[in-house]
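*Asks:* Dropping in upload16.cif, with mmCIF, C-alpha atoms.
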data_start
#
loop_
_atom_site.label_atom_id
_atom_site.label_comp_id
_atom_site.auth_asym_id
_atom_site.auth_seq_id
_atom_site.Cartn_x
_atom_site.Cartn_y
_atom_site.Cartn_z
CA MET A 1 3.74 8.22 15.54
CA THR A 2 4.91 5.22 17.49
CA GLY A 3 3.17 2.31 19.07
CA PRO A 4 2.28 1.99 22.71
CA ASP A 5 5.19 2.33 25.10
CA SER A 6 3.91 -0.23 27.57
CA PRO A 7 6.63 -2.42 29.04
CA THR A 8 7.26 -5.67 27.22
CA PRO A 9 8.32 -8.86 28.96
CA GLN A 10 12.03 -9.69 28.81
CA GLY A 11 12.80 -11.07 25.36
CA ALA A 12 9.34 -10.22 23.90
CA PRO A 13 9.40 -8.40 20.57
CA LYS A 14 8.65 -4.69 20.70
CA ILE A 15 6.21 -3.57 18.03
CA THR A 16 6.07 0.12 17.17
CA TRP A 17 5.08 2.05 14.08
CA ARG A 18 5.31 5.28 12.20
CA ARG A 19 3.55 6.77 9.21
CA LEU A 20 4.58 5.27 5.90
CA ALA A 21 6.77 7.76 4.02
CA GLU A 22 7.64 8.03 0.35
CA ARG A 23 11.15 6.73 1.15
CA ASP A 24 9.45 3.46 2.21
CA PHE A 25 7.80 2.85 -1.17
CA PRO A 26 10.60 0.62 -2.57
CA LEU A 27 10.28 -1.65 0.48
CA LEU A 28 6.49 -1.65 0.25
CA ARG A 29 6.76 -2.53 -3.44
CA GLN A 30 8.97 -5.52 -2.54
CA TRP A 31 6.38 -6.66 -0.02
CA LEU A 32 3.50 -6.33 -2.48
CA LEU A 33 5.45 -8.60 -4.85
CA GLN A 34 5.75 -11.39 -2.26
CA PRO A 35 3.43 -14.30 -3.16
CA HIS A 36 1.88 -14.45 0.33
CA VAL A 37 0.95 -10.74 0.07
CA ALA A 38 0.08 -10.62 -3.64
CA ARG A 39 -2.46 -13.42 -3.17
CA TRP A 40 -4.69 -11.26 -0.98
CA TRP A 41 -3.72 -7.67 -1.83
CA ASN A 42 -3.57 -8.08 -5.64
CA HIS A 43 -2.03 -4.64 -6.00
CA GLU A 44 -0.26 -3.07 -8.95
CA THR A 45 3.45 -3.09 -8.12
CA SER A 46 5.05 -0.64 -10.51
CA PRO A 47 6.82 2.24 -8.72
CA GLU A 48 4.26 4.60 -10.27
CA ALA A 49 1.31 2.56 -8.98
CA VAL A 50 2.73 2.37 -5.46
CA ALA A 51 3.33 6.15 -5.45
CA ARG A 52 -0.16 6.79 -6.86
CA ASP A 53 -1.95 4.60 -4.33
CA PHE A 54 0.09 5.21 -1.18
CA GLY A 55 1.39 8.74 -1.83
CA PRO A 56 -1.73 10.67 -0.77
CA ALA A 57 -1.82 9.06 2.69
CA ALA A 58 1.96 9.42 3.09
CA ARG A 59 1.67 13.15 2.33
CA GLY A 60 -1.36 13.59 4.59
CA ASP A 61 -3.63 14.41 1.62
CA GLU A 62 -5.96 11.51 2.43
CA PRO A 63 -7.69 10.78 5.75
CA SER A 64 -6.46 7.17 6.03
CA GLU A 65 -3.30 6.24 7.90
CA ASP A 66 -0.71 3.91 6.41
CA LEU A 67 1.41 2.69 9.32
CA LEU A 68 4.79 1.05 8.77
CA MET A 69 5.04 -1.61 11.45
CA LEU A 70 8.41 -2.13 13.12
CA LEU A 71 9.66 -5.12 15.09
CA ASP A 72 12.47 -4.03 17.40
CA GLY A 73 12.94 -1.07 15.01
CA GLU A 74 12.98 -3.11 11.77
CA PRO A 75 10.10 -2.83 9.24
CA PHE A 76 8.05 -5.98 8.87
CA GLY A 77 4.49 -5.01 7.94
CA LEU A 78 1.87 -2.42 7.12
CA VAL A 79 -1.45 -1.47 8.69
CA GLN A 80 -3.91 0.82 6.93
CA ARG A 81 -6.38 2.43 9.32
CA CYS A 82 -9.38 4.53 8.32
CA ARG A 83 -12.75 5.75 9.51
CA PHE A 84 -15.72 4.36 7.60
CA ALA A 85 -17.22 7.87 7.53
CA ASP A 86 -14.25 9.08 5.44
CA TYR A 87 -14.94 6.48 2.74
CA PRO A 88 -18.68 6.58 1.92
CA GLU A 89 -18.44 3.98 -0.87
CA TYR A 90 -16.82 1.51 1.54
CA LEU A 91 -19.48 2.26 4.16
CA ALA A 92 -22.32 1.92 1.63
CA GLU A 93 -21.17 -1.55 0.58
CA LEU A 94 -21.30 -2.76 4.19
CA VAL A 95 -24.09 -0.83 5.89
CA ASP A 96 -26.96 -2.81 4.32
CA GLN A 97 -25.47 -6.06 5.58
CA ALA A 98 -24.31 -5.26 9.11
CA GLU A 99 -24.50 -2.58 11.76
CA VAL A 100 -21.76 -0.01 11.32
CA PRO A 101 -21.80 2.28 14.36
CA ALA A 102 -21.04 5.97 13.98
CA GLY A 103 -17.34 6.45 14.63
CA ALA A 104 -16.37 2.95 13.46
CA VAL A 105 -12.91 2.42 12.01
CA SER A 106 -11.41 -0.35 9.92
CA ILE A 107 -7.96 -1.72 9.20
CA ASP A 108 -6.22 -3.67 6.50
CA TYR A 109 -2.84 -5.23 7.16
CA LEU A 110 -0.01 -7.33 5.88
CA ILE A 111 3.17 -8.95 7.07
CA GLY A 112 5.48 -8.05 4.21
CA ASP A 113 8.70 -9.70 5.27
CA PRO A 114 8.25 -13.39 4.38
CA ARG A 115 10.71 -14.40 7.13
CA ARG A 116 8.27 -12.90 9.66
CA ALA A 117 5.05 -14.45 8.29
CA GLY A 118 3.43 -17.32 10.17
CA ARG A 119 5.14 -16.55 13.49
CA GLY A 120 2.32 -14.88 15.42
CA LEU A 121 3.44 -11.34 14.67
CA GLY A 122 0.15 -10.57 12.92
CA THR A 123 -1.73 -11.12 16.16
CA LEU A 124 0.73 -8.99 18.16
CA MET A 125 0.57 -6.25 15.52
CA LEU A 126 -3.23 -6.27 15.47
CA ARG A 127 -3.51 -6.18 19.28
CA ALA A 128 -1.14 -3.21 19.43
CA VAL A 129 -2.99 -1.24 16.74
CA ILE A 130 -6.42 -2.04 18.19
CA GLU A 131 -5.32 -0.86 21.65
CA ALA A 132 -3.72 2.29 20.26
CA THR A 133 -6.79 3.12 18.16
CA TRP A 134 -8.82 3.93 21.26
CA SER A 135 -6.33 6.63 22.33
CA ASP A 136 -5.32 7.76 18.82
CA HIS A 137 -8.99 8.23 17.84
CA PRO A 138 -11.04 9.20 20.92
CA ASP A 139 -14.23 9.23 18.83
CA ALA A 140 -13.72 5.66 17.57
CA THR A 141 -16.57 3.51 18.88
CA ALA A 142 -15.69 0.18 17.30
CA MET A 143 -13.40 -1.48 14.81
CA LEU A 144 -14.92 -3.57 12.02
CA VAL A 145 -12.73 -5.63 9.70
CA PRO A 146 -14.00 -7.61 6.72
CA VAL A 147 -11.74 -10.43 5.58
CA HIS A 148 -12.23 -12.90 2.75
CA VAL A 149 -13.39 -16.28 4.06
CA GLY A 150 -10.51 -18.00 2.28
CA ASN A 151 -7.87 -15.96 4.08
CA THR A 152 -7.81 -18.23 7.11
CA ALA A 153 -4.52 -16.91 8.54
CA SER A 154 -5.90 -13.37 8.51
CA TRP A 155 -9.19 -14.07 10.23
CA ARG A 156 -7.53 -16.34 12.78
CA ALA A 157 -5.13 -13.51 13.66
CA LEU A 158 -8.14 -11.21 14.16
CA GLU A 159 -9.73 -13.75 16.49
CA LYS A 160 -6.52 -14.18 18.47
CA ALA A 161 -6.28 -10.39 18.74
CA GLY A 162 -9.68 -10.31 20.47
CA MET A 163 -12.07 -9.58 17.61
CA ARG A 164 -15.26 -11.58 17.19
CA ARG A 165 -16.99 -12.64 13.99
CA ILE A 166 -20.36 -10.92 13.80
CA ALA A 167 -21.57 -11.60 10.27
CA ASP A 168 -20.90 -13.08 6.88
CA VAL A 169 -21.13 -10.38 4.23
CA ASP A 170 -21.05 -10.08 0.45
CA LEU A 171 -18.30 -7.64 -0.62
CA GLU A 172 -16.17 -6.91 -3.66
CA PRO A 173 -12.97 -8.96 -3.22
CA ASP A 174 -9.50 -7.43 -3.41
CA ASN A 175 -8.47 -10.21 -5.78
CA PRO A 176 -10.84 -10.84 -8.72
CA VAL A 177 -10.13 -14.60 -8.55
CA ASP A 178 -12.07 -14.70 -5.26
CA ASP A 179 -15.80 -14.77 -4.71
CA ARG A 180 -17.58 -12.12 -2.62
CA ALA A 181 -17.79 -14.13 0.64
CA HIS A 182 -16.29 -12.29 3.62
CA HIS A 183 -16.39 -12.68 7.37
CA LEU A 184 -16.92 -9.47 9.32
CA TYR A 185 -15.09 -9.04 12.62
CA ARG A 186 -15.77 -6.46 15.32
CA ILE A 187 -14.34 -5.18 18.56
CA ASP A 188 -15.89 -2.35 20.56
CA ARG A 189 -14.15 0.40 22.49
CA PRO A 190 -13.53 -0.91 26.02
CA ALA A 191 -15.78 0.48 28.73
CA GLU A 192 -14.19 3.25 30.76
CA GLN A 193 -12.60 1.95 33.95
CA PRO A 194 -13.73 3.62 37.21
#
So that I can check it, write out the structure of this file as structure tokens.

*Replies:*
Amino acid sequence: MTGPDSPTPQGAPKITWRRLAERDFPLLRQWLLQPHVARWWNHETSPEAVARDFGPAARGDEPSEDLLMLLDGEPFGLVQRCRFADYPEYLAELVDQAEVPAGAVSIDYLIGDPRRAGRGLGTLMLRAVIEATWSDHPDATAMLVPVHVGNTASWRALEKAGMRRIADVDLEPDNPVDDRAHHLYRIDRPAEQP
């Protein structure tokens, strides 16, 4: 799987992706250890924990997609993409607080390489994945992304990528040091062009 092959302006970075593979786990583990990632992902980082949590998607045993993001062919980030319908507990936590249309998908994401963080790549990455979602998942009606209110860089990247804040919701945080306050962002499938 690769990203969209639309032409990029001269000198603009080319963002593509492929499925995360088991051979990528050492790199992913390094990223999860980075302070700017660990703050929001709060993930166990032992090799066993990374294999346990990312192995099923890498092998195709789980319906989510873990996408290794590449900048001019070099790994720099990760996007996890899933359908709400495939994760009923995730859907149940949200559905009483906001409209979740049938066919809605969600993403989680990180810029793992600290040299690439804070340079606008998050916005480019999100735009590319949002655009590709409509063709990769023809039944996807909308994308909804909850993000902790304190993660300003993350929700600003969503806004710059074209998503709009539709609600404030109360959700279990990824990091137990945080409260339950999240913003919910949404973008709908574009209308078909005549």

*Asks:* Excluding Cys82 of chain A and residues on its chain fewer than 2 positions from it, collect all residues at most 12 Å away from it, counting only C-alpha atoms, and give them as a PyMOL selection string.

*Replies:* chain A and resi 57+62-67+79-80+84-88+90-91+103-109+133+136-137+140+142-145

*Asks:* Suppose you want the space between atom CA of Trp17 of chain A and atom CA of Gly122 of chain A; what is it in Å?

*Replies:*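 Atom-to-atom, atom CA of Trp17 of chain A and atom CA of Gly122 of chain A are spaced 13.6 Å apart.
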
*Asks:* I want to know what sits within 12 Å of Ala181 of chain A, based on all atoms listed in the file, with residues of the same chain fewer than 4 positions away left out; could you give that as a PyMOL selection string?

*Replies:* chain A and resi 146-151+167-175+177

*Asks:* Pick the closest to Arg39 of chain A from A:Leu68, A:Leu110, A:Leu20, A:Ala58: which is it, counting only C-alpha atoms?

*Replies:*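 Looking at the shortest contact to Arg39 of chain A, the residue is A:Leu110.
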
*Asks:* What separation in Å, quoted to one decimal, exists between atom CA of Leu78 of chain A and atom CA of Asp24 of chain A?

*Replies:*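 Those two atoms sit 10.8 Å apart.
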